[in-house]
>>> print(open('start_5.txt').read())   # compact mmCIF, C-alpha atoms and all ligand atoms
# COMPACT_ATOMS: atom_id res chain seq x y z
CA MET A 1 110.78 -1.92 45.64
CA VAL A 2 114.25 -0.52 45.18
CA ILE A 3 115.58 2.91 46.10
CA MET A 4 116.82 4.78 43.03
CA MET A 5 119.46 7.35 43.87
CA LYS A 6 119.01 10.67 42.08
CA ALA A 7 121.60 11.44 39.43
CA MET A 8 124.13 13.70 41.13
CA GLU A 9 122.92 14.12 44.70
CA ILE A 10 125.16 13.55 47.73
CA TYR A 11 123.63 11.17 50.27
CA GLU A 12 124.80 11.61 53.83
CA GLY A 13 124.07 8.88 56.37
CA LYS A 14 125.09 8.53 60.01
CA ALA A 15 128.49 6.99 59.31
CA LYS A 16 129.05 7.46 55.56
CA LYS A 17 128.62 9.89 52.71
CA MET A 18 127.85 8.78 49.13
CA ILE A 19 129.33 11.26 46.67
CA PRO A 20 128.48 10.77 42.99
CA LEU A 21 131.60 10.37 40.86
CA ASP A 22 129.86 9.83 37.53
CA GLU A 23 126.74 8.12 36.16
CA ARG A 24 127.96 4.69 37.25
CA LYS A 25 130.05 5.25 40.35
CA PHE A 26 129.95 6.72 43.83
CA ILE A 27 132.69 7.63 46.27
CA MET A 28 131.75 6.06 49.60
CA GLU A 29 133.32 8.21 52.31
CA PHE A 30 133.57 6.76 55.81
CA LYS A 31 133.12 9.29 58.62
CA ASP A 32 134.64 9.29 62.09
CA ASP A 33 131.10 9.63 63.52
CA ALA A 34 129.64 6.77 65.53
CA THR A 35 125.98 6.38 66.43
CA ALA A 36 124.13 3.67 68.32
CA PHE A 37 120.58 2.87 69.43
CA ASN A 38 119.07 4.45 66.32
CA GLY A 39 121.06 7.67 66.68
CA GLU A 40 120.34 8.22 70.40
CA LYS A 41 124.01 7.82 71.31
CA LYS A 42 126.59 9.76 69.29
CA ALA A 43 130.35 10.37 69.35
CA GLN A 44 133.34 10.86 67.09
CA PHE A 45 136.45 8.69 67.00
CA LYS A 46 139.43 10.01 65.06
CA GLY A 47 140.62 7.30 62.69
CA LYS A 48 137.40 5.23 62.66
CA GLY A 49 136.57 6.26 59.07
CA TRP A 50 140.01 5.16 57.88
CA LEU A 51 139.83 1.82 59.71
CA ASN A 52 136.31 1.02 58.42
CA ALA A 53 137.24 1.95 54.84
CA GLN A 54 140.35 -0.25 54.92
CA ILE A 55 138.59 -3.16 56.63
CA SER A 56 135.61 -2.98 54.22
CA ALA A 57 137.95 -2.89 51.20
CA LYS A 58 139.72 -5.98 52.52
CA MET A 59 136.42 -7.83 53.09
CA PHE A 60 135.15 -6.98 49.59
CA LYS A 61 138.43 -8.16 48.02
CA ILE A 62 138.24 -11.48 49.87
CA LEU A 63 134.60 -11.96 48.86
CA GLU A 64 135.25 -11.02 45.21
CA GLY A 65 138.11 -13.54 45.27
CA ASN A 66 135.56 -16.15 46.33
CA GLY A 67 133.11 -15.35 43.54
CA ILE A 68 130.74 -12.96 45.38
CA LYS A 69 129.67 -9.96 43.29
CA THR A 70 130.11 -6.72 45.26
CA HIS A 71 129.85 -3.00 44.51
CA PHE A 72 133.53 -2.48 45.39
CA ILE A 73 135.68 -1.00 42.60
CA GLY A 74 138.71 0.37 44.43
CA VAL A 75 140.22 2.45 47.24
CA ALA A 76 140.24 6.19 46.57
CA GLY A 77 142.24 7.56 49.48
CA ASP A 78 142.38 7.20 53.23
CA ASN A 79 138.70 6.91 54.09
CA ARG A 80 137.15 6.59 50.64
CA LEU A 81 136.17 3.69 48.40
CA ILE A 82 134.91 3.81 44.82
CA VAL A 83 131.76 1.73 44.42
CA GLU A 84 129.30 0.84 41.69
CA ARG A 85 126.04 2.79 41.63
CA LEU A 86 123.10 0.48 42.40
CA SER A 87 119.36 0.65 43.05
CA MET A 88 119.24 -0.33 46.71
CA TYR A 89 116.81 -2.70 48.40
CA PRO A 90 115.48 -1.06 51.61
CA LEU A 91 116.52 -4.17 53.54
CA GLU A 92 119.09 -5.23 56.10
CA VAL A 93 119.99 -8.90 55.92
CA VAL A 94 121.45 -10.09 59.24
CA VAL A 95 123.26 -13.41 59.68
CA ARG A 96 123.96 -14.78 63.18
CA ASN A 97 126.30 -17.56 64.31
CA ILE A 98 126.34 -16.86 68.05
CA VAL A 99 123.63 -15.41 70.30
CA ALA A 100 124.22 -11.69 70.97
CA GLY A 101 122.48 -8.33 70.61
CA SER A 102 118.80 -8.19 69.74
CA LEU A 103 118.52 -11.98 69.29
CA LYS A 104 118.46 -12.24 73.10
CA LYS A 105 115.04 -10.53 73.02
CA ARG A 106 113.65 -13.18 70.67
CA LEU A 107 115.09 -16.48 71.86
CA PRO A 108 115.52 -17.81 75.42
CA LEU A 109 119.22 -18.51 74.86
CA PRO A 110 122.06 -16.87 76.78
CA GLU A 111 124.58 -14.58 75.10
CA GLY A 112 127.46 -16.57 73.62
CA THR A 113 125.40 -19.68 72.74
CA GLU A 114 126.67 -21.11 69.45
CA LEU A 115 123.81 -21.64 67.03
CA GLN A 116 123.70 -25.06 65.34
CA GLU A 117 122.88 -23.37 62.04
CA PRO A 118 123.22 -19.71 61.12
CA ILE A 119 120.04 -17.64 61.53
CA VAL A 120 119.13 -15.20 58.73
CA GLU A 121 116.86 -12.25 59.52
CA LEU A 122 115.39 -9.46 57.41
CA TYR A 123 114.79 -5.91 58.60
CA TYR A 124 113.07 -3.03 56.79
CA LYS A 125 115.64 -0.22 56.69
CA ASP A 126 113.91 2.87 58.05
CA ASP A 127 115.33 4.97 60.89
CA ALA A 128 111.97 6.58 61.71
CA MET A 129 110.42 3.13 62.19
CA GLY A 130 113.48 1.80 64.05
CA ASP A 131 114.38 -0.78 61.37
CA PRO A 132 111.55 -3.27 62.11
CA MET A 133 112.19 -6.98 61.62
CA ILE A 134 110.12 -8.34 58.73
CA ASN A 135 109.47 -11.71 57.05
CA HIS A 136 109.12 -12.75 53.40
CA HIS A 137 105.41 -11.86 53.37
CA HIS A 138 106.15 -8.29 54.49
CA ALA A 139 108.94 -8.00 51.93
CA LYS A 140 106.56 -9.19 49.19
CA ALA A 141 104.12 -6.45 50.22
CA LEU A 142 106.97 -4.02 49.47
CA GLY A 143 107.29 -5.50 45.99
CA ILE A 144 110.39 -7.61 46.66
CA GLY A 145 109.99 -11.03 45.01
CA GLU A 146 110.57 -14.42 46.64
CA ASP A 147 113.35 -15.21 44.16
CA GLU A 148 115.17 -11.97 45.05
CA LEU A 149 114.85 -12.67 48.78
CA ARG A 150 116.15 -16.22 48.35
CA GLU A 151 119.10 -14.97 46.33
CA MET A 152 120.02 -12.33 48.93
CA GLU A 153 119.76 -14.90 51.74
CA SER A 154 121.82 -17.41 49.82
CA ILE A 155 124.56 -14.82 49.12
CA ALA A 156 124.47 -13.78 52.80
CA LEU A 157 125.02 -17.40 53.89
CA ARG A 158 127.92 -17.80 51.44
CA VAL A 159 129.46 -14.56 52.76
CA ASN A 160 129.08 -16.03 56.25
CA GLU A 161 130.91 -19.25 55.34
CA ILE A 162 133.79 -17.35 53.67
CA LEU A 163 134.26 -14.72 56.40
CA LYS A 164 133.68 -17.08 59.36
CA GLU A 165 136.55 -19.26 58.16
CA TYR A 166 138.77 -16.27 57.32
CA PHE A 167 138.34 -14.83 60.82
CA ARG A 168 138.58 -18.23 62.56
CA GLU A 169 142.11 -18.60 61.13
CA ARG A 170 142.93 -15.25 62.76
CA GLY A 171 141.57 -16.11 66.22
CA VAL A 172 138.38 -14.08 65.76
CA LEU A 173 134.77 -15.28 66.04
CA LEU A 174 132.32 -13.80 63.52
CA VAL A 175 129.31 -13.50 65.85
CA ASP A 176 126.85 -11.76 63.51
CA PHE A 177 126.71 -9.14 60.76
CA LYS A 178 124.42 -7.02 58.61
CA LEU A 179 124.50 -6.84 54.81
CA GLU A 180 122.74 -4.62 52.29
CA PHE A 181 122.08 -5.40 48.65
CA GLY A 182 121.32 -3.50 45.46
CA ARG A 183 120.61 -4.25 41.84
CA ASN A 184 122.76 -3.12 38.92
CA GLU A 185 121.61 -2.11 35.45
CA ARG A 186 121.84 -5.73 34.29
CA GLY A 187 119.39 -6.73 37.03
CA GLU A 188 122.02 -8.61 39.04
CA ILE A 189 121.83 -8.63 42.84
CA ILE A 190 125.05 -7.14 44.19
CA LEU A 191 126.43 -6.97 47.74
CA ALA A 192 126.70 -3.29 48.73
CA ASP A 193 127.25 -0.94 51.71
CA GLU A 194 130.13 -1.80 54.09
CA ILE A 195 131.46 -4.77 56.04
CA SER A 196 133.24 -3.38 59.07
CA PRO A 197 133.27 -3.45 62.88
CA ASP A 198 130.36 -0.96 62.66
CA THR A 199 128.18 -3.60 60.97
CA CYS A 200 129.52 -6.90 62.37
CA ARG A 201 130.19 -8.38 65.80
CA PHE A 202 133.69 -9.80 66.18
CA TRP A 203 134.91 -11.49 69.39
CA ASP A 204 138.41 -12.64 70.28
CA ALA A 205 138.14 -16.44 70.14
CA LYS A 206 139.93 -16.89 73.50
CA THR A 207 138.93 -13.91 75.65
CA LYS A 208 135.60 -13.06 73.91
CA ARG A 209 136.71 -9.40 73.91
CA SER A 210 134.67 -7.32 71.40
CA PHE A 211 136.43 -5.79 68.38
CA ASP A 212 133.31 -3.98 67.13
CA LYS A 213 130.75 -1.25 67.78
CA ASP A 214 129.54 -2.95 70.97
CA VAL A 215 132.64 -1.33 72.53
CA PHE A 216 130.90 2.02 71.92
CA ARG A 217 127.31 0.80 72.47
CA PHE A 218 128.07 -0.71 75.89
CA GLU A 219 131.21 1.29 76.87
CA LYS A 220 133.52 -1.72 76.88
CA GLY A 221 136.73 0.31 76.49
CA ASP A 222 138.50 2.19 73.71
CA LEU A 223 136.82 1.84 70.30
CA ILE A 224 139.87 2.74 68.22
CA SER A 225 142.11 0.19 70.00
CA ALA A 226 139.47 -2.50 69.40
CA TYR A 227 139.05 -1.65 65.68
CA ARG A 228 142.86 -1.40 65.31
CA GLU A 229 143.31 -4.83 66.85
CA LEU A 230 140.83 -6.30 64.34
CA TYR A 231 142.67 -4.54 61.50
CA ARG A 232 145.99 -5.88 62.80
CA ARG A 233 144.65 -9.45 62.69
CA LEU A 234 143.80 -8.96 58.99
CA SER A 235 147.25 -7.68 58.07
P1 LIG A 301 121.36 -6.67 66.39
O1 LIG A 301 120.05 -7.00 65.72
O2 LIG A 301 121.80 -7.74 67.33
O3 LIG A 301 121.35 -5.30 67.00
O4 LIG A 301 122.44 -6.59 65.20
C1 LIG A 301 122.89 -7.74 64.53
C2 LIG A 301 124.12 -7.41 63.71
O5 LIG A 301 123.77 -6.56 62.62
C3 LIG A 301 125.20 -6.65 64.48
O6 LIG A 301 126.47 -7.07 64.00
C4 LIG A 301 124.96 -5.18 64.13
O7 LIG A 301 126.16 -4.44 64.16
C5 LIG A 301 124.39 -5.30 62.71
N1 LIG A 301 123.33 -4.30 62.48
C6 LIG A 301 121.99 -4.48 62.56
N2 LIG A 301 121.32 -3.35 62.26
C7 LIG A 301 122.24 -2.42 62.01
C8 LIG A 301 122.17 -1.03 61.63
O8 LIG A 301 121.09 -0.42 61.46
N3 LIG A 301 123.37 -0.40 61.47
C9 LIG A 301 124.57 -1.04 61.63
N4 LIG A 301 125.70 -0.33 61.46
N5 LIG A 301 124.66 -2.34 61.95
C10 LIG A 301 123.52 -3.02 62.15
>>> encode(input="start_5.txt", output="structure tokens")
Amino acid sequence: MVIMMKAMEIYEGKAKKMIPLDERKFIMEFKDDATAFNGEKKAQFKGKGWLNAQISAKMFKILEGNGIKTHFIGVAGDNRLIVERLSMYPLEVVVRNIVAGSLKKRLPLPEGTELQEPIVELYYKDDAMGDPMINHHHAKALGIGEDELREMESIALRVNEILKEYFRERGVLLVDFKLEFGRNERGEIILADEISPDTCRFWDAKTKRSFDKDVFRFEKGDLISAYRELYRRLS
């Protein structure tokens, strides 16, 4: 099961807009809107779209440089990227290095516990269902093959190794993150969507201060200063 996007339709999500550029490309526009808890909490932060676009572009460039195939083609202005058009898997692939967020509901480990090995989780991407966690058997019922799942998980773990090290050198812990994948016309599995403080947890290695959307979710201070600080560490 993959989601085919209709030829020239604009897709508007909670934090991004996908604007068709031509048959093969989209403009991915990052909005200043922030939502949490499946859309229950909403706000706008001037400059968030710009920061997420720039941070995502940087992440995709680093990953491409390390041999990961991504949908990123280029930057098209302040809060816009040009990306390859893909058929999307309706999945969220989450990788975790440190206990935080929803993992606390599943394992009897306190927040901040370092996991001996990264944990990979799959979720079915559906707002109305609240993105339920699924396993390989559920995914197969949706028509997603074992080989495809293994490839997505293996790419996700490689992304984790590359980004964990990149952030470690900058005094930032990569706690966990969510990836989405699609398939191109050649049938290749390609890393898609965004990689930003909206979709990852980043903690300062010393103070454990959050530089991510938890600042908004749990009112831990000023979101833009946190995202800016993460961006500064990348520069
Ligand atoms: P958790 O399951 O702990 O809520 O999320 C794990 C990680 O995946 C966090 O970094 C979180 O930001 C990201 N994540 C999981 N689901 C979603 C989602 O639906 N939207 C976004 N933006 N991030 C998500």
>>> residues_near_ligand(input="start_5.txt", ligand="ligand LIG 301 (chain A)", cutoff="7 Å", atoms="all atoms listed in the file", output="list in words")
Glu92, Val94, Ala100, Gly101, Ser102, Leu103, Asp131, Asp176, Phe177, Lys178, Asp198, Thr199, Cys200, Arg201 and Lys213 of chain A
>>> residues_around(input="start_5.txt", residues="segment 33-39 of chain A", least_positions_apart="2", cutoff="12 Å", atoms="all atoms listed in the file", output="ChimeraX atom specification")
/A:12-17,29-31,41-50,52,101-102,125-132,197-199,212-219,223-224
>>> atom_distance(input="start_5.txt", atom1="atom CA of Tyr166 of chain A", atom2="atom CA of Ser235 of chain A")
12.1 Å
>>> closest_residue(input="start_5.txt", among="A:Gly65, A:Gly143, A:Pro90, A:Pro118", to="Leu179 of chain A", atoms="all atoms listed in the file")
A:Pro90
>>> atom_distance(input="start_5.txt", atom1="atom CA of Arg96 of chain A", atom2="atom CA of Asn79 of chain A")
27.8 Å
>>> closest_residue(input="start_5.txt", among="A:Asp22, A:Asp78, A:Glu121, A:Glu114", to="Leu174 of chain A", atoms="all atoms listed in the file")
A:Glu114
>>> closest_residue(input="start_5.txt", among="A:Arg233, A:Glu161, A:Arg209, A:Leu173", to="Asn66 of chain A", atoms="all atoms listed in the file")
A:Glu161
>>> axis_aligned_box(input="start_5.txt", around="segment 76-79 of chain A", padding_each_side="5 Å", output="JSON")
{"center_x": 140.5, "center_y": 6.9, "center_z": 50.3, "size_x": 13.7, "size_y": 11.4, "size_z": 17.5}
>>> residues_around(input="start_5.txt", residues="segment 182-185 of chain A", least_positions_apart="3", cutoff="12 Å", atoms="only C-alpha atoms", output="compact mmCIF listing (two decimals) with C-alpha atoms, in the coordinates of the input")
# COMPACT_ATOMS: atom_id res chain seq x y z
CA MET A 1 110.78 -1.92 45.64
CA VAL A 2 114.25 -0.52 45.18
CA ILE A 3 115.58 2.91 46.10
CA MET A 4 116.82 4.78 43.03
CA MET A 5 119.46 7.35 43.87
CA GLU A 23 126.74 8.12 36.16
CA ARG A 24 127.96 4.69 37.25
CA LYS A 25 130.05 5.25 40.35
CA LYS A 69 129.67 -9.96 43.29
CA THR A 70 130.11 -6.72 45.26
CA HIS A 71 129.85 -3.00 44.51
CA VAL A 83 131.76 1.73 44.42
CA GLU A 84 129.30 0.84 41.69
CA ARG A 85 126.04 2.79 41.63
CA LEU A 86 123.10 0.48 42.40
CA SER A 87 119.36 0.65 43.05
CA MET A 88 119.24 -0.33 46.71
CA TYR A 89 116.81 -2.70 48.40
CA PRO A 90 115.48 -1.06 51.61
CA LEU A 91 116.52 -4.17 53.54
CA GLU A 92 119.09 -5.23 56.10
CA VAL A 93 119.99 -8.90 55.92
CA ILE A 144 110.39 -7.61 46.66
CA GLU A 148 115.17 -11.97 45.05
CA LEU A 149 114.85 -12.67 48.78
CA GLU A 151 119.10 -14.97 46.33
CA MET A 152 120.02 -12.33 48.93
CA LEU A 179 124.50 -6.84 54.81
CA GLU A 188 122.02 -8.61 39.04
CA ILE A 189 121.83 -8.63 42.84
CA ILE A 190 125.05 -7.14 44.19
CA LEU A 191 126.43 -6.97 47.74
CA ALA A 192 126.70 -3.29 48.73
CA ASP A 193 127.25 -0.94 51.71
>>> atom_distance(input="start_5.txt", atom1="atom CA of Ile134 of chain A", atom2="atom CA of Leu122 of chain A")
5.5 Å
>>> residues_around(input="start_5.txt", residues="segment 104-112 of chain A", least_positions_apart="4", cutoff="10 Å", atoms="all atoms listed in the file", output="count of residues only")
7
>>> residues_around(input="start_5.txt", residues="Arg170 of chain A", least_positions_apart="4", cutoff="12 Å", atoms="all atoms listed in the file", output="list in words")
Leu163, Lys164, Glu165, Tyr166, Leu174, Phe202, Trp203, Asp204, Ala205, Lys206, Glu229, Leu230, Tyr231, Arg232, Arg233, Leu234 and Ser235 of chain A
>>> closest_residue(input="start_5.txt", among="A:Arg186, A:Leu142, A:Phe26, A:Val95", to="Tyr11 of chain A", atoms="only C-alpha atoms")
A:Phe26
>>> closest_residue(input="start_5.txt", among="A:Glu180, A:Glu194, A:Glu153, A:Asp222", to="Gln54 of chain A", atoms="only C-alpha atoms")
A:Glu194
>>> residues_around(input="start_5.txt", residues="Glu146 of chain A", least_positions_apart="5", cutoff="9 Å", atoms="only C-alpha atoms", output="list in words")
His136, His137, Ala139, Lys140 and Glu151 of chain A
>>> closest_residue(input="start_5.txt", among="A:Leu63, A:Val120, A:Ile195, A:Met133", to="Ser154 of chain A", atoms="only C-alpha atoms")
A:Val120
>>> decode(input="start_5.txt", residues="segment 187-207 of chain A", atoms="N, CA, C and O atoms", output="short mmCIF file (atom, residue, chain, number, x, y, z; two decimals), in the first residue's frame")
data_model
loop_
_atom_site.label_atom_id
_atom_site.label_comp_id
_atom_site.auth_asym_id
_atom_site.auth_seq_id
_atom_site.Cartn_x
_atom_site.Cartn_y
_atom_site.Cartn_z
N GLY A 187 11.11 2.32 -8.29
CA GLY A 187 10.83 1.33 -7.24
C GLY A 187 11.78 1.41 -6.06
O GLY A 187 11.75 0.56 -5.18
N GLU A 188 12.62 2.46 -6.03
CA GLU A 188 13.57 2.59 -4.91
C GLU A 188 12.87 3.21 -3.70
O GLU A 188 12.03 4.10 -3.86
N ILE A 189 13.27 2.76 -2.52
CA ILE A 189 12.74 3.34 -1.28
C ILE A 189 13.57 4.56 -0.92
O ILE A 189 14.80 4.49 -0.83
N ILE A 190 12.89 5.69 -0.77
CA ILE A 190 13.56 6.99 -0.61
C ILE A 190 13.09 7.64 0.69
O ILE A 190 11.88 7.66 0.98
N LEU A 191 14.03 8.22 1.43
CA LEU A 191 13.70 8.96 2.64
C LEU A 191 12.99 10.27 2.26
O LEU A 191 13.49 11.01 1.41
N ALA A 192 11.85 10.54 2.89
CA ALA A 192 11.04 11.70 2.48
C ALA A 192 10.72 12.60 3.68
O ALA A 192 11.42 12.57 4.69
N ASP A 193 9.69 13.41 3.54
CA ASP A 193 9.16 14.29 4.59
C ASP A 193 10.24 15.26 5.09
O ASP A 193 10.96 15.82 4.28
N GLU A 194 10.32 15.49 6.40
CA GLU A 194 11.25 16.47 6.96
C GLU A 194 12.04 15.83 8.10
O GLU A 194 11.63 14.81 8.65
N ILE A 195 13.17 16.45 8.42
CA ILE A 195 13.92 16.06 9.63
C ILE A 195 14.23 17.37 10.34
O ILE A 195 15.10 18.13 9.91
N SER A 196 13.47 17.65 11.38
CA SER A 196 13.54 18.97 12.00
C SER A 196 13.20 18.84 13.48
O SER A 196 12.82 17.75 13.93
N PRO A 197 13.28 19.94 14.23
CA PRO A 197 12.90 19.85 15.65
C PRO A 197 11.40 19.57 15.84
O PRO A 197 10.98 19.29 16.97
N ASP A 198 10.61 19.62 14.75
CA ASP A 198 9.20 19.20 14.86
C ASP A 198 9.09 17.68 14.89
O ASP A 198 8.09 17.14 15.35
N THR A 199 10.09 16.99 14.32
CA THR A 199 9.96 15.53 14.15
C THR A 199 11.04 14.74 14.91
O THR A 199 11.11 13.53 14.78
N CYS A 200 11.90 15.45 15.62
CA CYS A 200 12.97 14.79 16.40
C CYS A 200 12.96 15.35 17.82
O CYS A 200 12.46 16.45 18.04
N ARG A 201 13.54 14.59 18.76
CA ARG A 201 13.84 15.18 20.07
C ARG A 201 15.35 15.40 20.15
O ARG A 201 16.12 14.47 19.88
N PHE A 202 15.73 16.62 20.50
CA PHE A 202 17.14 16.98 20.67
C PHE A 202 17.30 17.55 22.08
O PHE A 202 16.53 18.43 22.48
N TRP A 203 18.30 17.05 22.83
CA TRP A 203 18.57 17.60 24.16
C TRP A 203 20.01 18.12 24.20
O TRP A 203 20.92 17.49 23.64
N ASP A 204 20.21 19.23 24.89
CA ASP A 204 21.56 19.69 25.16
C ASP A 204 22.26 18.59 25.98
O ASP A 204 21.70 18.10 26.98
N ALA A 205 23.47 18.22 25.55
CA ALA A 205 24.15 17.07 26.18
C ALA A 205 24.43 17.34 27.66
O ALA A 205 24.41 16.41 28.47
N LYS A 206 24.69 18.62 28.02
CA LYS A 206 25.04 18.92 29.42
C LYS A 206 23.80 19.18 30.26
O LYS A 206 23.60 18.58 31.30
N THR A 207 22.94 20.11 29.79
CA THR A 207 21.82 20.56 30.63
C THR A 207 20.55 19.75 30.40
O THR A 207 19.61 19.87 31.17
#
